[in-house]
file run.txt (compact mmCIF, C-alpha atoms)
# COMPACT_ATOMS: atom_id res chain seq x y z
CA MET K 235 0.00 0.00 0.00
CA SER K 236 1.44 3.37 -0.97
CA THR K 237 1.92 6.13 1.58
CA HIS K 238 -0.70 8.15 -0.28
CA GLU K 239 -3.25 5.34 0.05
CA ARG K 240 -2.45 4.99 3.73
CA ASP K 241 -2.95 8.75 4.22
CA GLN K 242 -6.36 8.47 2.58
CA ILE K 243 -7.35 5.68 4.96
CA VAL K 244 -6.12 7.62 7.98
CA GLU K 245 -8.15 10.66 6.86
CA THR K 246 -11.30 8.59 6.38
CA LEU K 247 -10.99 7.40 9.95
CA ALA K 248 -10.27 10.96 11.11
CA ARG K 249 -13.37 12.33 9.35
CA TYR K 250 -15.59 10.15 11.52
CA GLY K 251 -15.31 12.29 14.65
CA HIS K 252 -15.66 15.55 12.74
CA VAL K 253 -18.82 14.41 10.95
CA VAL K 254 -20.51 12.90 14.00
CA ASP K 255 -19.52 15.60 16.47
CA ARG K 256 -20.93 18.30 14.20
CA GLY K 257 -24.11 16.28 13.78
CA ASP K 258 -23.53 16.12 10.00
CA LEU K 259 -25.38 12.84 9.79
CA ASP K 260 -26.12 13.37 6.11
CA ARG K 261 -22.37 13.19 5.52
CA LEU K 262 -21.81 9.79 7.10
CA ASP K 263 -21.32 8.54 3.53
CA THR K 264 -17.99 10.37 3.46
CA VAL K 265 -16.81 7.90 6.12
CA PHE K 266 -18.81 4.69 5.59
CA THR K 267 -19.99 2.67 2.59
CA LEU K 268 -23.75 2.88 2.08
CA ASP K 269 -24.05 -0.76 3.14
CA VAL K 270 -21.74 -0.50 6.16
CA ARG K 271 -22.02 -3.13 8.86
CA TYR K 272 -21.60 -1.46 12.26
CA ASP K 273 -21.25 -3.92 15.09
CA MET K 274 -21.56 -2.73 18.67
CA SER K 275 -22.82 -6.05 19.95
CA ALA K 276 -19.93 -6.10 22.45
CA VAL K 277 -21.78 -3.34 24.33
CA GLY K 278 -25.19 -4.95 23.91
CA LEU K 279 -26.42 -2.86 20.98
CA PRO K 280 -27.85 -4.34 17.78
CA VAL K 281 -25.73 -4.65 14.65
CA MET K 282 -26.67 -1.81 12.28
CA ILE K 283 -26.56 -2.10 8.50
CA GLY K 284 -26.30 0.98 6.29
CA VAL K 285 -25.56 4.66 6.82
CA GLN K 286 -29.24 5.47 7.20
CA ALA K 287 -29.48 3.03 10.12
CA LEU K 288 -26.42 4.72 11.67
CA ALA K 289 -28.01 8.15 11.31
CA ASP K 290 -31.32 6.92 12.72
CA GLY K 291 -29.51 5.24 15.60
CA ALA K 292 -27.62 8.43 16.44
CA MET K 293 -30.85 10.47 16.44
CA ARG K 294 -32.54 7.92 18.68
CA LEU K 295 -29.57 7.96 21.07
CA GLY K 296 -29.91 11.75 21.16
CA PRO K 297 -28.14 13.50 24.05
CA GLN K 298 -26.69 10.16 25.12
CA ASN K 299 -24.33 10.37 22.15
CA PRO K 300 -20.85 11.31 23.32
CA VAL K 301 -20.08 14.99 22.75
CA ALA K 302 -16.73 14.14 21.17
CA HIS K 303 -15.19 11.19 19.33
CA HIS K 304 -11.42 11.02 18.77
CA THR K 305 -9.56 8.38 16.78
CA THR K 306 -5.92 7.43 17.43
CA ASP K 307 -3.42 4.62 16.84
CA VAL K 308 -4.26 3.66 13.27
CA VAL K 309 -2.54 0.44 12.15
CA VAL K 310 -3.09 -0.95 8.64
CA LEU K 311 -2.90 -4.72 9.16
CA GLU K 312 -3.54 -5.90 5.59
CA ALA K 313 -4.27 -4.11 2.36
CA ASP K 314 -4.65 -4.81 -1.30
CA GLU K 315 -5.92 -2.65 -4.14
CA ASP K 316 -9.52 -2.54 -2.99
CA GLU K 317 -9.71 -3.56 0.63
CA ALA K 318 -7.84 -2.87 3.85
CA VAL K 319 -8.06 -4.33 7.34
CA VAL K 320 -7.33 -1.57 9.84
CA GLU K 321 -7.38 -1.28 13.59
CA SER K 322 -7.52 1.93 15.54
CA LYS K 323 -8.46 3.17 18.95
CA GLY K 324 -11.21 5.61 19.80
CA PHE K 325 -12.16 7.52 22.84
CA MET K 326 -15.29 9.44 23.55
CA LEU K 327 -16.15 12.19 25.98
CA THR K 328 -19.66 12.00 27.43
CA VAL K 329 -21.73 15.05 28.25
CA GLU K 330 -21.13 14.24 31.94
CA GLY K 331 -17.37 14.46 31.34
CA ALA K 332 -16.59 10.75 31.48
CA VAL K 333 -14.10 9.24 29.03
CA ARG K 334 -14.63 5.87 27.34
CA SER K 335 -12.09 4.00 25.23
CA VAL K 336 -12.78 1.47 22.49
CA SER K 337 -10.92 -0.42 19.78
CA HIS K 338 -12.17 -0.18 16.20
CA HIS K 339 -11.72 -3.26 14.01
CA ASP K 340 -12.46 -2.06 10.49
CA VAL K 341 -12.53 -3.28 6.94
CA LEU K 342 -12.28 -0.44 4.44
CA ARG K 343 -13.23 -0.68 0.80
CA ARG K 344 -12.06 1.53 -2.01
CA THR K 345 -14.99 3.25 -3.70
CA ALA K 346 -15.21 5.74 -6.54
CA ALA K 347 -15.33 8.47 -3.87
CA GLY K 348 -12.36 7.13 -1.89
CA TRP K 349 -11.72 4.71 0.95
CA ARG K 350 -14.79 4.04 3.10
CA ILE K 351 -15.38 1.89 6.19
CA ALA K 352 -17.44 -1.13 5.06
CA SER K 353 -17.39 -2.89 8.41
CA ARG K 354 -16.64 -1.64 11.92
CA THR K 355 -16.64 -3.70 15.10
CA LEU K 356 -16.28 -1.84 18.38
CA VAL K 357 -14.68 -3.46 21.41
CA PRO K 358 -14.84 -1.45 24.64
CA GLN K 359 -11.69 -1.20 26.73
CA THR K 360 -12.89 -1.78 30.26
CA ALA K 361 -10.32 -4.06 31.91
CA SER K 362 -6.55 -3.82 32.30
CA LEU K 363 -4.58 -5.92 29.81
CA GLY K 364 -7.78 -6.75 27.95
CA GLY K 365 -9.17 -8.68 30.92
CA ARG K 366 -6.54 -11.38 30.48
CA LEU K 367 -5.12 -11.19 33.98
CA GLY K 368 -7.61 -13.84 35.10
CA ALA K 369 -6.84 -15.89 32.03
CA ALA K 370 -3.14 -15.73 32.73
CA ALA K 371 -3.86 -17.03 36.23
CA GLY K 372 -5.92 -19.82 34.71
CA ALA K 373 -9.16 -18.50 36.17
CA GLU K 374 -11.03 -17.61 32.99
CA GLU K 375 -10.79 -17.40 29.23
CA ALA K 376 -9.74 -14.23 27.47
CA PRO K 377 -12.65 -12.63 25.60
CA ALA K 378 -12.98 -13.30 21.91
CA ARG K 379 -11.24 -10.72 19.78
CA PRO K 380 -12.66 -10.24 16.31
CA ASP K 381 -9.46 -9.40 14.51
CA ARG K 382 -7.13 -12.05 15.71
CA MET Q 190 -0.41 17.82 -1.87
CA SER Q 191 2.38 15.29 -1.58
CA THR Q 192 2.51 12.80 1.27
CA HIS Q 193 5.67 14.52 2.46
CA GLU Q 194 3.92 17.88 2.65
CA ARG Q 195 1.01 16.32 4.51
CA ASP Q 196 3.43 14.74 7.02
CA GLN Q 197 4.97 18.16 7.60
CA ILE Q 198 1.55 19.65 8.33
CA VAL Q 199 0.63 16.80 10.67
CA GLU Q 200 3.92 17.31 12.55
CA THR Q 201 3.36 21.04 12.89
CA LEU Q 202 0.01 20.35 14.52
CA ALA Q 203 1.62 17.67 16.71
CA ARG Q 204 4.35 20.05 17.90
CA TYR Q 205 1.73 22.31 19.45
CA GLY Q 206 1.06 20.10 22.48
CA HIS Q 207 4.73 19.36 23.05
CA VAL Q 208 5.71 23.04 22.97
CA VAL Q 209 2.87 24.29 25.18
CA ASP Q 210 2.91 21.42 27.66
CA ARG Q 211 6.63 21.92 28.26
CA GLY Q 212 6.07 25.65 28.68
CA ASP Q 213 8.43 26.35 25.76
CA LEU Q 214 6.58 29.56 24.96
CA ASP Q 215 9.60 30.99 23.15
CA ARG Q 216 9.19 28.15 20.63
CA LEU Q 217 5.59 28.89 19.67
CA ASP Q 218 7.07 30.15 16.38
CA THR Q 219 7.81 26.54 15.46
CA VAL Q 220 4.03 26.01 15.35
CA PHE Q 221 2.49 29.37 14.44
CA THR Q 222 3.31 32.20 12.06
CA LEU Q 223 4.49 35.34 13.84
CA ASP Q 224 1.24 37.05 12.87
CA VAL Q 225 -1.06 34.14 13.78
CA ARG Q 226 -4.72 34.90 14.40
CA TYR Q 227 -5.92 32.74 17.30
CA ASP Q 228 -9.66 32.83 17.76
CA MET Q 229 -11.19 31.45 20.93
CA SER Q 230 -14.21 33.74 20.79
CA ALA Q 231 -16.46 30.64 20.88
CA VAL Q 232 -15.45 30.27 24.53
CA GLY Q 233 -15.68 33.99 25.29
CA LEU Q 234 -11.99 34.83 25.04
CA PRO Q 235 -10.61 37.68 22.91
CA VAL Q 236 -9.07 37.00 19.51
CA MET Q 237 -5.28 37.06 19.89
CA ILE Q 238 -2.92 38.21 17.15
CA GLY Q 239 0.71 37.13 17.08
CA VAL Q 240 2.82 34.55 18.90
CA GLN Q 241 3.80 37.08 21.56
CA ALA Q 242 0.13 37.62 22.40
CA LEU Q 243 -0.28 33.84 22.65
CA ALA Q 244 2.68 33.56 25.01
CA ASP Q 245 1.44 36.49 27.12
CA GLY Q 246 -2.05 34.96 27.23
CA ALA Q 247 -0.68 31.61 28.38
CA MET Q 248 1.34 33.28 31.16
CA ARG Q 249 -1.70 35.26 32.29
CA LEU Q 250 -3.83 32.10 32.31
CA GLY Q 251 -1.14 30.49 34.48
CA PRO Q 252 -2.22 27.33 36.34
CA GLN Q 253 -5.56 27.48 34.56
CA ASN Q 254 -3.80 26.28 31.41
CA PRO Q 255 -4.54 22.62 30.80
CA VAL Q 256 -1.69 20.36 31.88
CA ALA Q 257 -1.82 18.49 28.56
CA HIS Q 258 -2.92 19.21 24.99
CA HIS Q 259 -3.34 16.34 22.50
CA THR Q 260 -4.19 16.69 18.81
CA THR Q 261 -5.98 13.98 16.81
CA ASP Q 262 -8.03 13.47 13.63
CA VAL Q 263 -6.11 15.68 11.20
CA VAL Q 264 -7.93 16.18 7.89
CA VAL Q 265 -6.43 18.34 5.11
CA LEU Q 266 -9.49 19.86 3.45
CA GLU Q 267 -7.78 22.00 0.80
CA ALA Q 268 -4.17 22.66 -0.07
CA ASP Q 269 -2.09 24.40 -2.66
CA GLU Q 270 1.60 25.20 -2.78
CA ASP Q 271 1.53 27.77 0.00
CA GLU Q 272 -1.63 27.37 2.01
CA ALA Q 273 -3.66 24.56 3.49
CA VAL Q 274 -7.04 24.42 5.21
CA VAL Q 275 -6.92 21.77 7.91
CA GLU Q 276 -9.27 20.57 10.58
CA SER Q 277 -8.30 18.55 13.61
CA LYS Q 278 -9.58 17.71 17.04
CA GLY Q 279 -7.93 18.54 20.32
CA PHE Q 280 -8.47 17.47 23.84
CA MET Q 281 -7.05 18.90 26.99
CA LEU Q 282 -6.59 17.56 30.49
CA THR Q 283 -7.07 20.12 33.25
CA VAL Q 284 -5.09 20.08 36.48
CA GLU Q 285 -8.28 18.90 38.23
CA GLY Q 286 -8.39 15.89 35.89
CA ALA Q 287 -11.27 17.02 33.68
CA VAL Q 288 -11.11 16.43 29.93
CA ARG Q 289 -12.25 19.01 27.37
CA SER Q 290 -12.60 18.46 23.63
CA VAL Q 291 -12.41 21.06 20.87
CA SER Q 292 -12.23 21.27 17.10
CA HIS Q 293 -9.41 23.22 15.49
CA HIS Q 294 -10.16 24.98 12.22
CA ASP Q 295 -6.78 26.03 10.87
CA VAL Q 296 -5.21 27.73 7.92
CA LEU Q 297 -1.55 26.85 7.53
CA ARG Q 298 0.93 28.81 5.49
CA ARG Q 299 4.22 27.60 4.07
CA THR Q 300 7.10 29.66 5.41
CA ALA Q 301 10.85 29.44 4.89
CA ALA Q 302 10.98 27.43 8.14
CA GLY Q 303 8.17 25.06 7.17
CA TRP Q 304 4.38 24.90 7.51
CA ARG Q 305 2.99 27.11 10.25
CA ILE Q 306 -0.53 27.75 11.56
CA ALA Q 307 -1.53 31.25 10.39
CA SER Q 308 -5.08 31.09 11.72
CA ARG Q 309 -6.70 28.83 14.30
CA THR Q 310 -10.34 28.92 15.39
CA LEU Q 311 -11.33 26.77 18.34
CA VAL Q 312 -14.83 25.37 18.67
CA PRO Q 313 -15.59 23.56 21.94
CA GLN Q 314 -17.40 20.25 21.76
CA THR Q 315 -20.01 20.48 24.49
CA ALA Q 316 -23.21 19.00 23.05
CA SER Q 317 -23.99 15.67 21.41
CA LEU Q 318 -24.11 15.80 17.60
CA GLY Q 319 -22.88 19.40 17.67
CA GLY Q 320 -26.00 20.59 19.44
CA ARG Q 321 -28.09 19.90 16.34
CA LEU Q 322 -30.61 17.62 17.99
CA GLY Q 323 -32.81 20.62 18.75
CA ALA Q 324 -32.24 21.94 15.24
CA ALA Q 325 -33.29 18.63 13.74
CA ALA Q 326 -36.49 18.82 15.79
CA GLY Q 327 -37.06 22.35 14.48
CA ALA Q 328 -36.58 23.92 17.89
CA GLU Q 329 -33.44 25.97 17.29
CA GLU Q 330 -30.71 26.81 14.81
CA ALA Q 331 -27.46 24.91 14.74
CA PRO Q 332 -24.58 27.10 15.88
CA ALA Q 333 -22.47 28.79 13.22
CA ARG Q 334 -19.47 26.72 12.19
CA PRO Q 335 -16.53 28.66 10.83
CA ASP Q 336 -15.36 26.11 8.29
CA ARG Q 337 -18.50 25.21 6.50
CA MET A 259 13.58 9.97 6.15
CA SER A 260 11.06 8.85 3.55
CA THR A 261 7.33 9.15 4.13
CA HIS A 262 7.17 5.36 4.09
CA GLU A 263 9.74 5.08 6.86
CA ARG A 264 7.88 7.70 8.90
CA ASP A 265 4.62 5.75 8.47
CA GLN A 266 6.35 2.63 9.76
CA ILE A 267 7.54 4.49 12.86
CA VAL A 268 4.09 5.96 13.47
CA GLU A 269 2.57 2.48 13.22
CA THR A 270 5.10 1.00 15.64
CA LEU A 271 4.09 3.62 18.19
CA ALA A 272 0.40 2.97 17.43
CA ARG A 273 0.78 -0.79 17.96
CA TYR A 274 1.81 -0.20 21.56
CA GLY A 275 -1.70 0.55 22.84
CA HIS A 276 -3.28 -2.27 20.85
CA VAL A 277 -0.80 -4.84 22.15
CA VAL A 278 -0.89 -3.77 25.80
CA ASP A 279 -4.63 -3.12 25.97
CA ARG A 280 -5.35 -6.62 24.62
CA GLY A 281 -2.90 -8.07 27.10
CA ASP A 282 -0.83 -9.51 24.23
CA LEU A 283 2.31 -9.34 26.31
CA ASP A 284 4.00 -11.99 24.19
CA ARG A 285 3.80 -9.54 21.29
CA LEU A 286 5.63 -6.66 22.98
CA ASP A 287 8.50 -7.53 20.61
CA THR A 288 6.43 -6.09 17.74
CA VAL A 289 6.81 -2.69 19.45
CA PHE A 290 10.08 -2.80 21.38
CA THR A 291 13.58 -4.18 20.77
CA LEU A 292 14.38 -7.21 22.92
CA ASP A 293 16.83 -5.10 24.91
CA VAL A 294 14.56 -2.05 25.26
CA ARG A 295 15.33 0.41 28.04
CA TYR A 296 12.04 1.62 29.54
CA ASP A 297 12.47 4.50 31.94
CA MET A 298 9.60 5.54 34.18
CA SER A 299 11.87 6.90 36.89
CA ALA A 300 10.02 10.24 36.61
CA VAL A 301 7.08 8.52 38.33
CA GLY A 302 9.23 6.69 40.85
CA LEU A 303 9.36 3.32 39.11
CA PRO A 304 12.57 1.40 38.37
CA VAL A 305 14.12 1.45 34.91
CA MET A 306 13.21 -1.79 33.13
CA ILE A 307 15.49 -3.50 30.61
CA GLY A 308 14.10 -5.93 28.04
CA VAL A 309 10.66 -6.94 26.82
CA GLN A 310 10.45 -9.76 29.36
CA ALA A 311 10.92 -7.25 32.18
CA LEU A 312 8.14 -5.12 30.65
CA ALA A 313 5.81 -8.10 30.49
CA ASP A 314 6.66 -9.14 34.05
CA GLY A 315 6.14 -5.57 35.24
CA ALA A 316 2.73 -5.37 33.57
CA MET A 317 1.65 -8.66 35.18
CA ARG A 318 2.85 -7.47 38.58
CA LEU A 319 0.96 -4.18 38.16
CA GLY A 320 -2.14 -6.23 37.33
CA PRO A 321 -5.44 -4.35 37.57
CA GLN A 322 -3.54 -1.14 38.25
CA ASN A 323 -2.54 -1.08 34.58
CA PRO A 324 -4.58 1.51 32.71
CA VAL A 325 -7.44 -0.05 30.75
CA ALA A 326 -6.47 1.94 27.65
CA HIS A 327 -3.34 3.55 26.22
CA HIS A 328 -3.57 6.02 23.32
CA THR A 329 -0.66 7.63 21.50
CA THR A 330 -0.89 11.01 19.74
CA ASP A 331 1.29 13.86 18.46
CA VAL A 332 4.16 11.91 16.91
CA VAL A 333 7.10 14.12 15.93
CA VAL A 334 10.24 12.65 14.35
CA LEU A 335 13.01 14.91 15.66
CA GLU A 336 16.02 13.21 14.06
CA ALA A 337 16.43 10.19 11.86
CA ASP A 338 19.06 8.39 9.88
CA GLU A 339 19.06 5.00 8.20
CA ASP A 340 18.99 2.97 11.41
CA GLU A 341 17.90 5.18 14.26
CA ALA A 342 15.24 7.81 14.93
CA VAL A 343 14.60 10.13 17.85
CA VAL A 344 10.86 10.55 18.23
CA GLU A 345 8.61 12.29 20.69
CA SER A 346 4.94 11.60 21.17
CA LYS A 347 2.25 12.06 23.73
CA GLY A 348 0.28 9.35 25.46
CA PHE A 349 -2.77 9.28 27.58
CA MET A 350 -4.17 6.49 29.64
CA LEU A 351 -7.58 5.77 31.05
CA THR A 352 -7.57 4.11 34.48
CA VAL A 353 -10.15 1.55 35.56
CA GLU A 354 -11.60 4.24 37.85
CA GLY A 355 -12.12 6.50 34.82
CA ALA A 356 -9.29 8.95 35.46
CA VAL A 357 -7.18 10.20 32.56
CA ARG A 358 -3.41 10.62 32.78
CA SER A 359 -1.18 12.27 30.17
CA VAL A 360 2.51 11.63 29.54
CA SER A 361 5.19 12.49 27.02
CA HIS A 362 7.15 9.67 25.40
CA HIS A 363 10.77 10.38 24.51
CA ASP A 364 11.84 7.50 22.32
CA VAL A 365 14.78 6.24 20.34
CA LEU A 366 13.76 3.75 17.66
CA ARG A 367 16.09 1.36 15.95
CA ARG A 368 15.60 -0.33 12.61
CA THR A 369 15.63 -4.12 12.99
CA ALA A 370 15.14 -6.93 10.50
CA ALA A 371 11.48 -7.01 11.57
CA GLY A 372 10.96 -3.24 11.25
CA TRP A 373 11.30 -0.15 13.44
CA ARG A 374 11.25 -0.90 17.16
CA ILE A 375 11.44 1.30 20.26
CA ALA A 376 14.89 0.74 21.78
CA SER A 377 14.52 3.35 24.52
CA ARG A 378 11.47 5.04 25.99
CA THR A 379 11.43 7.67 28.72
CA LEU A 380 8.08 8.69 30.14
CA VAL A 381 7.48 12.14 31.55
CA PRO A 382 4.11 12.69 33.24
CA GLN A 383 2.22 15.87 32.41
CA THR A 384 1.01 17.10 35.76
CA ALA A 385 1.52 20.88 35.78
CA SER A 386 0.40 23.62 33.41
CA LEU A 387 3.11 24.78 30.99
CA GLY A 388 5.38 21.98 32.17
CA GLY A 389 5.60 23.46 35.67
CA ARG A 390 7.60 26.41 34.37
CA LEU A 391 5.30 29.12 35.70
CA GLY A 392 7.30 29.21 38.92
CA ALA A 393 10.54 29.19 36.98
CA ALA A 394 9.37 32.12 34.89
CA ALA A 395 8.66 34.00 38.11
CA GLY A 396 12.15 33.10 39.35
CA ALA A 397 10.79 30.90 42.14
CA GLU A 398 12.07 27.51 41.06
CA GLU A 399 13.86 25.59 38.37
CA ALA A 400 12.03 23.90 35.54
CA PRO A 401 12.28 20.11 35.82
CA ALA A 402 14.93 18.35 33.77
CA ARG A 403 13.66 17.23 30.38
CA PRO A 404 15.45 14.27 28.87
CA ASP A 405 15.13 15.24 25.23
CA ARG A 406 16.28 18.82 25.22
call {"tool": "encode", "arguments": {"input": "run.txt", "output": "structure tokens"}}
result
Amino acid sequence: MSTHERDQIVETLARYGHVVDRGDLDRLDTVFTLDVRYDMSAVGLPVMIGVQALADGAMRLGPQNPVAHHTTDVVVLEADEDEAVVESKGFMLTVEGAVRSVSHHDVLRRTAAGWRIASRTLVPQTASLGGRLGAAAGAEEAPARPDR
Amino acid sequence: MSTHERDQIVETLARYGHVVDRGDLDRLDTVFTLDVRYDMSAVGLPVMIGVQALADGAMRLGPQNPVAHHTTDVVVLEADEDEAVVESKGFMLTVEGAVRSVSHHDVLRRTAAGWRIASRTLVPQTASLGGRLGAAAGAEEAPARPDR
Amino acid sequence: MSTHERDQIVETLARYGHVVDRGDLDRLDTVFTLDVRYDMSAVGLPVMIGVQALADGAMRLGPQNPVAHHTTDVVVLEADEDEAVVESKGFMLTVEGAVRSVSHHDVLRRTAAGWRIASRTLVPQTASLGGRLGAAAGAEEAPARPDR
């Protein structure tokens, strides 16, 4: 993957927070494919399919949406001409001032308009070392991780 | 814009937090043009002109300055040989441990020393979906956004 | 340094949070050289040498490890074919929901497997303007900074 292509992918991921935090829900298609699969089942929410479902979901969530979304730590794991597997980290600031951290496990697809997220799976970061301390001690299994 | 030029812009924005958080106020000129216009009017502060005004403002603010400034989500919106319009997101950690999030709307100019921020407008992120939930329901106007 | 080389360095720094926050301590060698020197003496912890010492230290720290590590603001200060001096900023989210910010002062070395962090010094960000307000008033010295 060329450095230019990688820059385009990094910018697509960066646009997410700008679009959502301005409430530009009619511009979600600058970040996601129209048929995006958005999986937040790890936090008990239904899997959403399509940018319209994302926009509707955000409106329903209303003031419970975080006030800010930031993306960091972009790593391109695999890429060919038309598809890239990318992981990144996100954190959100709630209106109450709390900070939440998640991992994004994405598949991006090249479209005529540029690279877009075709699939995103969110994994919340809620336990030190991914909750594997117990596993290391033999007490429990590590949670499933979608990208490994 | 070449990938090299984009890297230079990203690094200029990244230097900001390092310079300010070390208190290297005599190195603000490695981030900003000497005649920078720094607009925080969205949070009720006066527009400041010039790196010396920025340094003076930081000294006056004293311990009320955040202890840390981080920049994320850099998107180059427009660029030619000598100027670039760039948006990014920032978050700050206060000495009390609170986190604040802002958007940066910047114009960078190429100087003999490299890319420098010639104009920065800060917009605080304080409401879900940019405060447009009410607007979507017809109750109120969305706030003015300097870059759109 | 080519843009491609810079991307590789940025990704090495980005992998850190993914590896640690998943508890993939047997993959610390994808981020650090085997003989890495990891200096947290600024927060009263011993200097650790080697990825095994890092892994052991993380296991000992257990649930006191932050639940999330994010890296931002990467600046490549110096680079030649085989070594790069890089500063970045990190922030961590504790299990109690507190946010901490640090600066990373790194030396990376090119290895057969790619760029790896050979030396990392952490400096916590705990005072506005790097604690230099007092120094500016003549009251006290600024703290030593390892990279300047």
call {"tool": "interface_residues", "arguments": {"input": "run.txt", "of": "chain Q", "to": "chain A", "cutoff": "8 Å", "atoms": "all atoms listed in the file", "output": "JSON, numbers by chain"}}
result
{"Q": [192, 193, 196, 200, 202, 203, 204, 206, 207, 209, 210, 211, 212, 213, 248, 251, 252, 253, 254, 255, 256, 257, 259, 260, 261, 282, 284, 286, 288]}
call {"tool": "closest_residue", "arguments": {"input": "run.txt", "among": "A:Ile267, A:Ala300, A:Leu319, A:Leu292", "to": "A:Asp340", "atoms": "only C-alpha atoms"}}
result
A:Ile267
call {"tool": "residues_around", "arguments": {"input": "run.txt", "residues": "K:Leu262", "least_positions_apart": "5", "cutoff": "9 Å", "atoms": "all atoms listed in the file", "output": "PyMOL selection string"}}
result
chain K and resi 250+253-254+267-268+285-286+288-289
call {"tool": "atom_distance", "arguments": {"input": "run.txt", "atom1": "atom CA of Q:Ala307", "atom2": "atom CA of Q:Phe221"}}
result
6.0 Å
call {"tool": "residues_around", "arguments": {"input": "run.txt", "residues": "stretch 297-300 of chain Q", "least_positions_apart": "3", "cutoff": "8 Å", "atoms": "only C-alpha atoms", "output": "ChimeraX atom specification"}}
result
/Q:198,222,270-275,303-308
call {"tool": "residues_near_point", "arguments": {"input": "run.txt", "point": "(-21.7, -1.9, 25.5)", "cutoff": "9 Å", "atoms": "only C-alpha atoms", "output": "PyMOL selection string"}}
result
chain K and resi 274-279+356-358
call {"tool": "closest_residue", "arguments": {"input": "run.txt", "among": "K:Val341, K:Met326, K:Ala346, K:Ile283", "to": "K:His303", "atoms": "all atoms listed in the file"}}
result
K:Met326
call {"tool": "atom_distance", "arguments": {"input": "run.txt", "atom1": "atom CA of A:Asp284", "atom2": "atom CA of A:Arg318"}}
result
15.1 Å
call {"tool": "decode", "arguments": {"input": "run.txt", "residues": "stretch 373-384 of chain A", "atoms": "N, CA and C atoms", "output": "PDB file, in the first residue's frame"}}
result
ATOM      1  N   TRP A 373      10.894  -1.118  12.412  1.00  0.00           N
ATOM      2  CA  TRP A 373      11.303  -0.153  13.441  1.00  0.00           C
ATOM      3  C   TRP A 373      10.765  -0.579  14.803  1.00  0.00           C
ATOM      4  N   ARG A 374      11.634  -0.533  15.805  1.00  0.00           N
ATOM      5  CA  ARG A 374      11.250  -0.898  17.161  1.00  0.00           C
ATOM      6  C   ARG A 374      11.754   0.164  18.145  1.00  0.00           C
ATOM      7  N   ILE A 375      11.029   0.353  19.228  1.00  0.00           N
ATOM      8  CA  ILE A 375      11.441   1.300  20.262  1.00  0.00           C
ATOM      9  C   ILE A 375      12.569   0.656  21.080  1.00  0.00           C
ATOM     10  N   ALA A 376      13.742   1.277  21.047  1.00  0.00           N
ATOM     11  CA  ALA A 376      14.893   0.745  21.781  1.00  0.00           C
ATOM     12  C   ALA A 376      15.034   1.427  23.139  1.00  0.00           C
ATOM     13  N   SER A 377      14.440   2.603  23.259  1.00  0.00           N
ATOM     14  CA  SER A 377      14.522   3.349  24.521  1.00  0.00           C
ATOM     15  C   SER A 377      13.302   4.240  24.622  1.00  0.00           C
ATOM     16  N   ARG A 378      12.627   4.169  25.742  1.00  0.00           N
ATOM     17  CA  ARG A 378      11.472   5.045  25.986  1.00  0.00           C
ATOM     18  C   ARG A 378      11.590   5.646  27.381  1.00  0.00           C
ATOM     19  N   THR A 379      11.464   6.967  27.442  1.00  0.00           N
ATOM     20  CA  THR A 379      11.432   7.667  28.722  1.00  0.00           C
ATOM     21  C   THR A 379      10.084   8.363  28.847  1.00  0.00           C
ATOM     22  N   LEU A 380       9.381   8.071  29.918  1.00  0.00           N
ATOM     23  CA  LEU A 380       8.077   8.686  30.142  1.00  0.00           C
ATOM     24  C   LEU A 380       8.196   9.889  31.069  1.00  0.00           C
ATOM     25  N   VAL A 381       7.551  10.962  30.677  1.00  0.00           N
ATOM     26  CA  VAL A 381       7.476  12.141  31.552  1.00  0.00           C
ATOM     27  C   VAL A 381       6.001  12.464  31.766  1.00  0.00           C
ATOM     28  N   PRO A 382       5.523  12.382  32.994  1.00  0.00           N
ATOM     29  CA  PRO A 382       4.114  12.686  33.240  1.00  0.00           C
ATOM     30  C   PRO A 382       3.834  14.178  33.075  1.00  0.00           C
ATOM     31  N   GLN A 383       2.650  14.467  32.548  1.00  0.00           N
ATOM     32  CA  GLN A 383       2.216  15.867  32.409  1.00  0.00           C
ATOM     33  C   GLN A 383       1.291  16.172  33.583  1.00  0.00           C
ATOM     34  N   THR A 384       1.814  16.871  34.554  1.00  0.00           N
ATOM     35  CA  THR A 384       1.010  17.101  35.757  1.00  0.00           C
ATOM     36  C   THR A 384       0.870  18.568  36.126  1.00  0.00           C
TER      37      THR A 384
END
